[in-house]
Structure formats: C-alpha cells, structure tokens
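Coordinates as given in start39.cif (mmCIF, C-alpha atoms and all ligand atoms):
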```cif
data_my_file
#
loop_
_atom_site.group_PDB
_atom_site.id
_atom_site.type_symbol
_atom_site.label_atom_id
_atom_site.label_comp_id
_atom_site.auth_asym_id
_atom_site.auth_seq_id
_atom_site.Cartn_x
_atom_site.Cartn_y
_atom_site.Cartn_z
ATOM 1 C CA MET A 1 -12.275 -13.767 10.729
ATOM 2 C CA PRO A 2 -9.383 -14.561 8.357
ATOM 3 C CA THR A 3 -6.244 -12.780 9.429
ATOM 4 C CA ASN A 4 -2.632 -12.386 8.472
ATOM 5 C CA SER A 5 -1.915 -10.853 11.839
ATOM 6 C CA PRO A 6 1.682 -11.044 13.031
ATOM 7 C CA LEU A 7 0.697 -9.726 16.421
ATOM 8 C CA ASP A 8 1.687 -11.489 19.552
ATOM 9 C CA PRO A 9 -0.347 -11.549 21.726
ATOM 10 C CA PRO A 10 -3.296 -11.407 19.298
ATOM 11 C CA MET A 11 -5.584 -8.397 19.491
ATOM 12 C CA ASP A 12 -7.907 -6.542 17.175
ATOM 13 C CA LYS A 13 -5.529 -6.007 14.315
ATOM 14 C CA ALA A 14 -7.568 -3.319 12.532
ATOM 15 C CA LEU A 15 -7.703 -1.237 15.705
ATOM 16 C CA TYR A 16 -4.011 -1.766 16.387
ATOM 17 C CA VAL A 17 -3.048 -0.827 12.795
ATOM 18 C CA ARG A 18 -5.209 2.313 12.852
ATOM 19 C CA GLU A 19 -3.816 3.525 16.172
ATOM 20 C CA MET A 20 -0.266 2.721 15.139
ATOM 21 C CA PHE A 21 -0.513 4.684 11.866
ATOM 22 C CA ALA A 22 -2.252 7.556 13.649
ATOM 23 C CA ALA A 23 0.765 7.757 15.987
ATOM 24 C CA ILE A 24 3.398 7.763 13.237
ATOM 25 C CA ALA A 25 1.454 9.874 10.671
ATOM 26 C CA PRO A 26 3.272 13.195 11.316
ATOM 27 C CA ARG A 27 6.710 11.686 10.648
ATOM 28 C CA TYR A 28 5.745 8.886 8.263
ATOM 29 C CA ASP A 29 7.022 10.497 5.027
ATOM 30 C CA ARG A 30 10.386 11.470 6.486
ATOM 31 C CA ALA A 31 10.942 8.007 7.986
ATOM 32 C CA ASN A 32 9.931 6.334 4.698
ATOM 33 C CA ARG A 33 12.370 8.357 2.586
ATOM 34 C CA LEU A 34 15.189 7.705 5.038
ATOM 35 C CA LEU A 35 14.527 3.965 5.410
ATOM 36 C CA THR A 36 14.415 3.390 1.642
ATOM 37 C CA ALA A 37 17.078 6.029 0.847
ATOM 38 C CA GLY A 38 14.459 7.500 -1.500
ATOM 39 C CA VAL A 39 14.496 4.412 -3.772
ATOM 40 C CA ASP A 40 10.792 3.870 -3.104
ATOM 41 C CA GLU A 41 10.142 6.743 -5.519
ATOM 42 C CA ALA A 42 11.381 4.555 -8.409
ATOM 43 C CA TRP A 43 9.235 1.626 -7.245
ATOM 44 C CA ARG A 44 6.179 3.881 -7.075
ATOM 45 C CA LYS A 45 6.847 5.245 -10.573
ATOM 46 C CA ARG A 46 7.002 1.685 -11.879
ATOM 47 C CA ALA A 47 3.726 0.814 -10.154
ATOM 48 C CA VAL A 48 2.042 3.800 -11.824
ATOM 49 C CA PHE A 49 3.508 2.719 -15.181
ATOM 50 C CA GLU A 50 2.116 -0.813 -14.711
ATOM 51 C CA LEU A 51 -1.353 0.571 -13.968
ATOM 52 C CA ALA A 52 -1.590 2.114 -17.453
ATOM 53 C CA ALA A 53 -4.748 3.998 -16.476
ATOM 54 C CA PRO A 54 -6.589 5.646 -19.403
ATOM 55 C CA PRO A 55 -6.281 9.459 -19.663
ATOM 56 C CA GLY A 56 -9.032 11.152 -17.699
ATOM 57 C CA GLY A 57 -9.780 7.881 -15.900
ATOM 58 C CA ARG A 58 -10.890 7.467 -12.300
ATOM 59 C CA VAL A 59 -8.313 5.712 -10.112
ATOM 60 C CA ALA A 60 -8.505 4.559 -6.483
ATOM 61 C CA ASP A 61 -5.411 4.389 -4.310
ATOM 62 C CA LEU A 62 -6.305 1.919 -1.562
ATOM 63 C CA CYS A 63 -4.721 2.454 1.878
ATOM 64 C CA CYS A 64 -3.360 5.740 0.514
ATOM 65 C CA GLY A 65 -1.766 6.835 3.794
ATOM 66 C CA THR A 66 -0.198 10.278 3.309
ATOM 67 C CA GLY A 67 -0.860 10.063 -0.430
ATOM 68 C CA ASP A 68 2.502 9.133 -1.965
ATOM 69 C CA LEU A 69 0.970 7.058 -4.760
ATOM 70 C CA VAL A 70 -1.879 9.524 -5.243
ATOM 71 C CA PHE A 71 0.606 12.293 -6.052
ATOM 72 C CA HIS A 72 2.711 10.011 -8.239
ATOM 73 C CA LEU A 73 -0.416 9.155 -10.234
ATOM 74 C CA LEU A 74 -1.298 12.828 -10.663
ATOM 75 C CA ARG A 75 2.265 13.849 -11.568
ATOM 76 C CA ASP A 76 2.334 11.120 -14.206
ATOM 77 C CA ASP A 77 -1.044 12.083 -15.668
ATOM 78 C CA PRO A 78 -2.730 15.239 -14.311
ATOM 79 C CA SER A 79 -5.908 14.323 -16.216
ATOM 80 C CA LEU A 80 -6.612 11.403 -13.829
ATOM 81 C CA ARG A 81 -9.286 11.701 -11.153
ATOM 82 C CA VAL A 82 -7.704 10.078 -8.119
ATOM 83 C CA THR A 83 -9.442 9.001 -4.920
ATOM 84 C CA GLY A 84 -7.280 8.038 -1.947
ATOM 85 C CA VAL A 85 -8.900 5.704 0.589
ATOM 86 C CA ASP A 86 -7.618 5.055 4.109
ATOM 87 C CA PHE A 87 -9.140 4.335 7.525
ATOM 88 C CA THR A 88 -6.643 6.358 9.602
ATOM 89 C CA GLY A 89 -7.767 9.982 10.038
ATOM 90 C CA PRO A 90 -4.318 11.494 10.764
ATOM 91 C CA MET A 91 -2.787 9.818 7.668
ATOM 92 C CA LEU A 92 -5.592 11.326 5.553
ATOM 93 C CA ALA A 93 -5.102 14.716 7.239
ATOM 94 C CA ALA A 94 -1.437 14.623 6.153
ATOM 95 C CA ALA A 95 -2.528 13.618 2.628
ATOM 96 C CA ARG A 96 -5.014 16.509 2.431
ATOM 97 C CA ALA A 97 -2.349 18.970 3.658
ATOM 98 C CA ARG A 98 -0.016 17.717 0.927
ATOM 99 C CA ALA A 99 -2.820 18.065 -1.646
ATOM 100 C CA ALA A 100 -3.242 21.711 -0.643
ATOM 101 C CA ARG A 101 0.483 22.246 -1.336
ATOM 102 C CA HIS A 102 0.160 20.488 -4.730
ATOM 103 C CA ALA A 103 -2.348 23.069 -5.893
ATOM 104 C CA ARG A 104 -0.973 22.959 -9.430
ATOM 105 C CA SER A 105 -1.940 19.329 -9.962
ATOM 106 C CA ALA A 106 -5.514 18.125 -10.376
ATOM 107 C CA PRO A 107 -7.406 17.916 -7.089
ATOM 108 C CA ALA A 108 -7.371 14.547 -5.366
ATOM 109 C CA GLU A 109 -10.268 13.289 -3.297
ATOM 110 C CA PHE A 110 -9.629 11.547 0.033
ATOM 111 C CA VAL A 111 -12.173 9.222 1.604
ATOM 112 C CA GLU A 112 -12.028 7.736 5.100
ATOM 113 C CA ALA A 113 -13.079 4.093 4.726
ATOM 114 C CA ASP A 114 -12.038 0.492 5.297
ATOM 115 C CA VAL A 115 -10.767 -1.064 2.068
ATOM 116 C CA THR A 116 -12.511 -4.344 2.889
ATOM 117 C CA ARG A 117 -15.844 -2.452 2.582
ATOM 118 C CA LEU A 118 -15.392 0.213 -0.078
ATOM 119 C CA PRO A 119 -18.133 2.874 -0.258
ATOM 120 C CA PHE A 120 -18.160 2.858 -4.072
ATOM 121 C CA GLU A 121 -20.425 1.377 -6.723
ATOM 122 C CA ASP A 122 -19.506 -1.684 -8.754
ATOM 123 C CA ALA A 123 -17.320 -1.020 -11.817
ATOM 124 C CA SER A 124 -16.785 2.655 -10.988
ATOM 125 C CA PHE A 125 -12.954 2.896 -11.354
ATOM 126 C CA ASP A 126 -10.513 2.639 -14.270
ATOM 127 C CA GLY A 127 -7.654 1.378 -12.113
ATOM 128 C CA ALA A 128 -6.575 0.852 -8.514
ATOM 129 C CA THR A 129 -3.232 0.957 -6.758
ATOM 130 C CA MET A 130 -2.132 -0.141 -3.321
ATOM 131 C CA GLY A 131 1.276 0.637 -1.822
ATOM 132 C CA PHE A 132 3.017 -1.048 1.121
ATOM 133 C CA SER A 133 -0.315 -1.882 2.705
ATOM 134 C CA MET A 134 -1.475 -5.384 1.788
ATOM 135 C CA ARG A 135 0.598 -6.663 4.754
ATOM 136 C CA ASN A 136 -1.472 -4.478 7.051
ATOM 137 C CA VAL A 137 -5.017 -5.360 6.072
ATOM 138 C CA VAL A 138 -6.815 -7.849 8.282
ATOM 139 C CA ASP A 139 -8.372 -9.693 5.360
ATOM 140 C CA ILE A 140 -6.363 -9.853 2.131
ATOM 141 C CA ASP A 141 -9.043 -11.784 0.224
ATOM 142 C CA ALA A 142 -11.815 -9.331 1.146
ATOM 143 C CA THR A 143 -9.562 -6.449 0.062
ATOM 144 C CA LEU A 144 -8.813 -8.073 -3.294
ATOM 145 C CA LYS A 145 -12.495 -8.867 -3.873
ATOM 146 C CA GLU A 146 -13.496 -5.287 -3.090
ATOM 147 C CA ALA A 147 -10.834 -3.923 -5.457
ATOM 148 C CA HIS A 148 -12.101 -6.312 -8.133
ATOM 149 C CA ARG A 149 -15.717 -5.271 -7.518
ATOM 150 C CA VAL A 150 -15.113 -1.529 -7.955
ATOM 151 C CA LEU A 151 -12.968 -1.871 -11.103
ATOM 152 C CA ARG A 152 -14.384 -1.704 -14.614
ATOM 153 C CA PRO A 153 -13.756 -4.823 -16.735
ATOM 154 C CA GLY A 154 -10.372 -4.657 -18.476
ATOM 155 C CA THR A 155 -8.771 -2.350 -15.900
ATOM 156 C CA ARG A 156 -6.005 -3.199 -13.425
ATOM 157 C CA LEU A 157 -5.131 -3.492 -9.777
ATOM 158 C CA VAL A 158 -1.437 -2.842 -9.072
ATOM 159 C CA ASN A 159 -0.078 -3.785 -5.673
ATOM 160 C CA LEU A 160 3.375 -2.648 -4.545
ATOM 161 C CA ASP A 161 4.772 -4.156 -1.376
ATOM 162 C CA VAL A 162 7.694 -5.762 0.388
ATOM 163 C CA THR A 163 7.948 -9.485 -0.284
ATOM 164 C CA LYS A 164 9.985 -12.503 0.761
ATOM 165 C CA VAL A 165 13.352 -12.691 -1.014
ATOM 166 C CA PRO A 166 13.993 -16.036 -2.766
ATOM 167 C CA ASN A 167 17.827 -15.888 -2.842
ATOM 168 C CA PRO A 168 19.047 -17.066 0.605
ATOM 169 C CA ILE A 169 22.117 -14.787 0.730
ATOM 170 C CA VAL A 170 20.202 -11.681 -0.307
ATOM 171 C CA ARG A 171 17.403 -12.751 2.040
ATOM 172 C CA ARG A 172 19.796 -12.848 5.014
ATOM 173 C CA ALA A 173 21.121 -9.368 4.200
ATOM 174 C CA PHE A 174 17.594 -8.044 3.739
ATOM 175 C CA GLU A 175 16.445 -9.583 7.022
ATOM 176 C CA LEU A 176 19.321 -7.952 8.909
ATOM 177 C CA TYR A 177 18.214 -4.619 7.508
ATOM 178 C CA PHE A 178 14.464 -5.127 7.778
ATOM 179 C CA TYR A 179 14.304 -6.704 11.219
ATOM 180 C CA GLY A 180 17.344 -4.875 12.668
ATOM 181 C CA VAL A 181 17.885 -1.445 11.135
ATOM 182 C CA VAL A 182 14.226 -0.547 10.357
ATOM 183 C CA PRO A 183 12.992 -0.820 13.986
ATOM 184 C CA LEU A 184 16.031 1.118 15.217
ATOM 185 C CA VAL A 185 16.011 3.958 12.688
ATOM 186 C CA GLY A 186 12.215 3.969 12.358
ATOM 187 C CA GLY A 187 11.924 4.219 16.138
ATOM 188 C CA LEU A 188 14.238 7.232 16.240
ATOM 189 C CA VAL A 189 12.949 9.087 13.157
ATOM 190 C CA GLY A 190 9.387 7.786 12.949
ATOM 191 C CA GLY A 191 8.618 8.421 16.592
ATOM 192 C CA SER A 192 7.363 4.959 17.621
ATOM 193 C CA LYS A 193 9.604 1.991 18.360
ATOM 194 C CA SER A 194 6.701 -0.449 18.581
ATOM 195 C CA ALA A 195 5.300 0.650 15.207
ATOM 196 C CA TYR A 196 8.629 0.067 13.489
ATOM 197 C CA ARG A 197 8.938 -3.312 15.211
ATOM 198 C CA TYR A 198 5.471 -4.242 13.940
ATOM 199 C CA LEU A 199 6.050 -3.157 10.328
ATOM 200 C CA PRO A 200 8.883 -5.631 9.552
ATOM 201 C CA ASN A 201 7.064 -8.393 11.447
ATOM 202 C CA SER A 202 4.041 -7.855 9.208
ATOM 203 C CA LEU A 203 6.058 -9.599 6.473
ATOM 204 C CA THR A 204 6.526 -12.779 8.495
ATOM 205 C CA ASN A 205 3.018 -14.150 7.951
ATOM 206 C CA PHE A 206 2.456 -12.450 4.616
ATOM 207 C CA PRO A 207 2.058 -14.750 1.559
ATOM 208 C CA ASP A 208 5.119 -14.958 -0.695
ATOM 209 C CA ALA A 209 4.922 -13.463 -4.193
ATOM 210 C CA ASP A 210 3.604 -16.651 -5.870
ATOM 211 C CA ALA A 211 0.990 -17.200 -3.174
ATOM 212 C CA LEU A 212 -0.175 -13.582 -3.396
ATOM 213 C CA ALA A 213 -0.550 -13.961 -7.172
ATOM 214 C CA ARG A 214 -2.825 -16.965 -6.542
ATOM 215 C CA ARG A 215 -4.904 -14.885 -4.113
ATOM 216 C CA PHE A 216 -5.342 -12.285 -6.910
ATOM 217 C CA GLU A 217 -6.632 -15.066 -9.170
ATOM 218 C CA ALA A 218 -8.953 -16.413 -6.485
ATOM 219 C CA ALA A 219 -10.457 -12.909 -6.184
ATOM 220 C CA GLY A 220 -11.281 -12.968 -9.910
ATOM 221 C CA PHE A 221 -8.278 -11.226 -11.489
ATOM 222 C CA ARG A 222 -6.842 -12.594 -14.738
ATOM 223 C CA ASP A 223 -3.457 -12.203 -16.444
ATOM 224 C CA VAL A 224 -1.915 -11.977 -12.984
ATOM 225 C CA ARG A 225 1.836 -11.393 -12.949
ATOM 226 C CA TYR A 226 4.429 -9.819 -10.729
ATOM 227 C CA LEU A 227 7.846 -8.280 -11.101
ATOM 228 C CA ARG A 228 10.523 -7.947 -8.469
ATOM 229 C CA MET A 229 12.629 -4.891 -7.710
ATOM 230 C CA GLY A 230 14.926 -3.890 -4.850
ATOM 231 C CA GLY A 231 17.075 -7.043 -5.048
ATOM 232 C CA GLY A 232 13.932 -9.185 -4.945
ATOM 233 C CA ALA A 233 12.556 -7.653 -1.741
ATOM 234 C CA ILE A 234 9.892 -5.594 -3.527
ATOM 235 C CA ALA A 235 7.096 -7.070 -5.642
ATOM 236 C CA ILE A 236 4.655 -5.308 -7.929
ATOM 237 C CA HIS A 237 1.632 -7.537 -8.594
ATOM 238 C CA VAL A 238 -0.629 -6.716 -11.515
ATOM 239 C CA GLY A 239 -4.063 -8.213 -12.086
ATOM 240 C CA THR A 240 -6.694 -7.372 -14.703
ATOM 241 C CA LYS A 241 -10.431 -7.547 -14.076
HETATM 242 C C1 LIG B 1 2.391 1.537 5.374
HETATM 243 S S1 LIG B 1 1.051 2.641 5.133
HETATM 244 C C2 LIG B 1 1.151 2.855 3.406
HETATM 245 C C3 LIG B 1 0.670 4.186 2.943
HETATM 246 C C4 LIG B 1 0.851 4.504 1.466
HETATM 247 N N1 LIG B 1 0.049 3.629 0.628
HETATM 248 C C5 LIG B 1 2.286 4.444 1.021
HETATM 249 O O1 LIG B 1 2.549 3.845 -0.024
HETATM 250 O O2 LIG B 1 3.139 5.047 1.669
HETATM 251 C C6 LIG B 1 -0.365 1.591 5.340
HETATM 252 C C7 LIG B 1 -1.689 2.332 5.345
HETATM 253 O O3 LIG B 1 -2.729 1.358 5.264
HETATM 254 C C8 LIG B 1 -3.847 1.842 6.003
HETATM 255 N N2 LIG B 1 -4.755 0.711 6.241
HETATM 256 C C9 LIG B 1 -4.460 -0.491 6.796
HETATM 257 N N3 LIG B 1 -5.542 -1.294 6.812
HETATM 258 C C10 LIG B 1 -6.543 -0.578 6.223
HETATM 259 C C11 LIG B 1 -7.917 -0.871 5.925
HETATM 260 N N4 LIG B 1 -8.447 -2.057 6.222
HETATM 261 N N5 LIG B 1 -8.652 0.081 5.323
HETATM 262 C C12 LIG B 1 -8.118 1.288 5.010
HETATM 263 N N6 LIG B 1 -6.832 1.627 5.269
HETATM 264 C C13 LIG B 1 -6.053 0.698 5.872
HETATM 265 C C14 LIG B 1 -3.211 2.465 7.233
HETATM 266 O O4 LIG B 1 -4.066 3.384 7.836
HETATM 267 C C15 LIG B 1 -1.953 3.143 6.606
HETATM 268 O O5 LIG B 1 -2.204 4.477 6.273
#
```

Encoded form using structure tokens:
Amino acid sequence: MPTNSPLDPPMDKALYVREMFAAIAPRYDRANRLLTAGVDEAWRKRAVFELAAPPGGRVADLCCGTGDLVFHLLRDDPSLRVTGVDFTGPMLAAARARAARHARSAPAEFVEADVTRLPFEDASFDGATMGFSMRNVVDIDATLKEAHRVLRPGTRLVNLDVTKVPNPIVRRAFELYFYGVVPLVGGLVGGSKSAYRYLPNSLTNFPDADALARRFEAAGFRDVRYLRMGGGAIAIHVGTK
C-alpha cells in the first residue's frame, strides 16, 4: 500500500492516526488556537475564498476533524450545504457538539468515513476542502482521486496544509518551532506528547508544494496552483475538476 508514513517503527498508520486523534479530540481546538496564535483562522478564511463555491452548493470538508472549516464555510455562506467527513468518532462528536451550538447557521451534516473510500456518488459536490490533513492520510493519491470523483466538473478542491519552507533561514526558524515548541506545548495543552511529536514529523515525508501540485494533476485536476502564507510554511493548493 502506498504510504507517506513518518512512523518509526512502521505500523498501521490509519489505525495509529485514528487512535491518536481520538485521544486528543477533547482538547484539539484549544491546542490548535494556541499553537498558531489564532492565525489559522485567516488561513482558513483564505481557503474558503479560494473554493468559490456557488451559493446553495453542496460542499464536502474532507478530514473535517472538529469542524473548523465546516463552520468557516457556513459563516461565509449560510446557504451552503456542508458535509464534514472524518474517520475518528470523537473528532466528529466534537464537531456535532459545535454544530448544536451554532444553531443559527445552516445545519451541517457529519459522516464517519475514510476519505480514500468516500460513500458518495460521482459528481455529487460543488466543492471540497481539506485542512491540515493531507499529511495524515495513508494514501494521498487515493484521497485526491476520490475528491476528484465526487466533484462536479468545473468545481474545486482546496487543500490547506503545512508545507516545506523554501527559504533556508525561515525554514530553520520554522523547524525550531515546529519540531521543538509544538511537541512541548501540544503535549501540555493537547494532552498527548506522542501525538504532538507525530504531527510535526508527518511533514518530514510529505511532498513539497510543487510535488503536491503534480499529485493533484495526476489525480485529474486542472489549473492547479498554490499560494503560500505563514512565511511560506502554509500552502493552499487549488485544483479544478
Ligand atoms: C489535524 S486534523 C485536521 C482537522 C480539521 N480539518 C482542521 O482543519 O482542524 C486531521 C484529521 O484527519 C482525519 N483523518 C486522517 N486520515 C483520515 C482518513 N483516511 N479518512 C478520514 N479522516 C481522516 C483525522 O481523524 C483528523 O480528524
């Protein structure tokens, strides 16, 4: 099976990822806001902007976790019909609890499924997003192909994630933060040291921004482009079916 697993020793990555996110689900949002100093909100807004989903359209947020992008999508356009997909029950439970508190916005649907085998018909969505998750899927190409399959022609997949920084000085500073501070602070606030050691390491074997753009193309997307934010450490990839 193709894998971008950074695990050492190797084990079933999907199982590891699911158990790890189940363990950190209750504190995930708090740890996220602290570790990004809340800047991730701006990155998410930009990802939603790049999606340019049609009013009233159906949008899938793949690997939705606790639903951050789902709620951004609905805040931006309450007419959207948003389906969050994730394979970790406790992350989805947190997302559903948040949805209950967001009663004023349109209802979101949450589906427990593996994004490499989406339980949706071909061409049934008007856009798809994915946030900080491509590093965690076992099979990037299968994920991209599934996203492509469920999108209607002319609609977009927008992927927001950490990426390798090209500038060597900025890269060094980022690595000190990502491989040093994140495991420390994430361990204390997020409740699992090993999870917050894994998360930065998931970048090590992840394709750089150019290589990921080529994987989008190989999955069938056209007009593939990406933009960098966060000093180059964040990339938003956009592909059109
Ligand atoms: C870092 S969290 C990101 C959550 C959310 N998208 C965000 O922006 O905060 C990664 C999520 O990906 C999910 N995930 C990883 N591999 C998956 C797969 N193959 N199918 C479905 N969900 C998956 C995990 O359960 C976890 O909730």

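With only C-alpha atoms and all ligand atoms as the atoms that count, the set of residues no farther than 6 Å from ligand LIG 1 (chain B) is Arg18, Phe21, Cys63, Cys64, Gly65, Asp68, Leu69, Asp86, Phe87, Thr88, Met91, Ala113, Asp114, Val115, Thr116, Met130, Gly131, Phe132, Ser133, Asn136 and Val137 of chain A.
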
Requested write-out: C-alpha atoms of the selected residues, as a PDB file, keeping the file's coordinate frame:
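Wrote it out as selection-v5.pdb, contents follow:
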```pdb
ATOM      1  CA  ARG A  18      -5.209   2.313  12.852  1.00  0.00           C
ATOM      2  CA  PHE A  21      -0.513   4.684  11.866  1.00  0.00           C
ATOM      3  CA  CYS A  63      -4.721   2.454   1.878  1.00  0.00           C
ATOM      4  CA  CYS A  64      -3.360   5.740   0.514  1.00  0.00           C
ATOM      5  CA  GLY A  65      -1.766   6.835   3.794  1.00  0.00           C
ATOM      6  CA  ASP A  68       2.502   9.133  -1.965  1.00  0.00           C
ATOM      7  CA  LEU A  69       0.970   7.058  -4.760  1.00  0.00           C
ATOM      8  CA  ASP A  86      -7.618   5.055   4.109  1.00  0.00           C
ATOM      9  CA  PHE A  87      -9.140   4.335   7.525  1.00  0.00           C
ATOM     10  CA  THR A  88      -6.643   6.358   9.602  1.00  0.00           C
ATOM     11  CA  MET A  91      -2.787   9.818   7.668  1.00  0.00           C
ATOM     12  CA  ALA A 113     -13.079   4.093   4.726  1.00  0.00           C
ATOM     13  CA  ASP A 114     -12.038   0.492   5.297  1.00  0.00           C
ATOM     14  CA  VAL A 115     -10.767  -1.064   2.068  1.00  0.00           C
ATOM     15  CA  THR A 116     -12.511  -4.344   2.889  1.00  0.00           C
ATOM     16  CA  MET A 130      -2.132  -0.141  -3.321  1.00  0.00           C
ATOM     17  CA  GLY A 131       1.276   0.637  -1.822  1.00  0.00           C
ATOM     18  CA  PHE A 132       3.017  -1.048   1.121  1.00  0.00           C
ATOM     19  CA  SER A 133      -0.315  -1.882   2.705  1.00  0.00           C
ATOM     20  CA  ASN A 136      -1.472  -4.478   7.051  1.00  0.00           C
ATOM     21  CA  VAL A 137      -5.017  -5.360   6.072  1.00  0.00           C
TER      22      VAL A 137
END
```

Could you name the residues that touch Ser192 in chain A at 12 Å or less, counting only C-alpha atoms, but leaving out those on the same chain fewer than 4 positions away, as a list in words? Glu19, Met20, Phe21, Ala22, Ala23, Ile24, Ala25, Pro26, Arg27, Tyr28, Ala31, Val182, Pro183, Leu184, Val185, Gly186, Gly187, Leu188, Tyr196, Arg197, Tyr198 and Leu199 of chain A

Could you pull the residues within 10 Å of Arg215 in chain A, counting all atoms listed in the file, minus those fewer than 4 positions along the same chain, as a list in words? Ile140, Asp141, Leu144, Lys145, Pro207, Ala209, Asp210, Ala211, Ala219, Gly220, Phe221 and Val224 of chain A

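Picture a line from CA of Arg44 in chain A to CA of Gly67 in chain A; it runs 11.5 Å.
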
What does the distance from CA of Pro166 in chain A to CA of Gly232 in chain A come to in Å, to one decimal? 7.2 Å

Atom pair CA of Thr66 in chain A + CA of Leu118 in chain A, distance 18.5 Å

Nearest to Asp161 in chain A: which of A:Leu15, A:Met134, A:Val39, A:Ala173 is it, counting only C-alpha atoms? A:Met134

Test item: axis-aligned box, all listed atoms of range 112-130 of chain A, 5 Å on each side, centre and edges in Å rounded to one decimal, as JSON:
```
{"center_x": -11.3, "center_y": 1.7, "center_z": -4.5, "size_x": 28.3, "size_y": 22.1, "size_z": 29.6}
```

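By all atoms listed in the file, and with residues fewer than 6 positions from Asp76 in chain A along its chain excluded, the set lying at most 9 Å from it is Lys45, Val48 and Phe49 of chain A.
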
Result set, the PyMOL selection byres (((chain A and resi 51-58) around 9) and not hetatm) on current file, as a ChimeraX atom specification: /A:46-50,59-60,77-83,124-129,155-158,238

Could you state which residues are captured by the PyMOL selection byres (((chain A and resi 204) around 10) and not hetatm) in this file, as a list in words? Asn4, Ser5, Pro6, Arg135, Thr163, Lys164, Leu199, Pro200, Asn201, Ser202, Leu203, Asn205, Phe206, Pro207 and Asp208 of chain A

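Take the candidates A:Arg228, A:Arg96, A:Lys241, A:Arg75 and check each one against Glu112 in chain A using all atoms listed in the file; the shortest distance goes to A:Arg96.
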
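Ranking A:Glu175, A:Val170, A:Ala123, A:Glu217 by their shortest atom-to-atom distance to Arg152 in chain A, with only C-alpha atoms included, puts A:Ala123 first.
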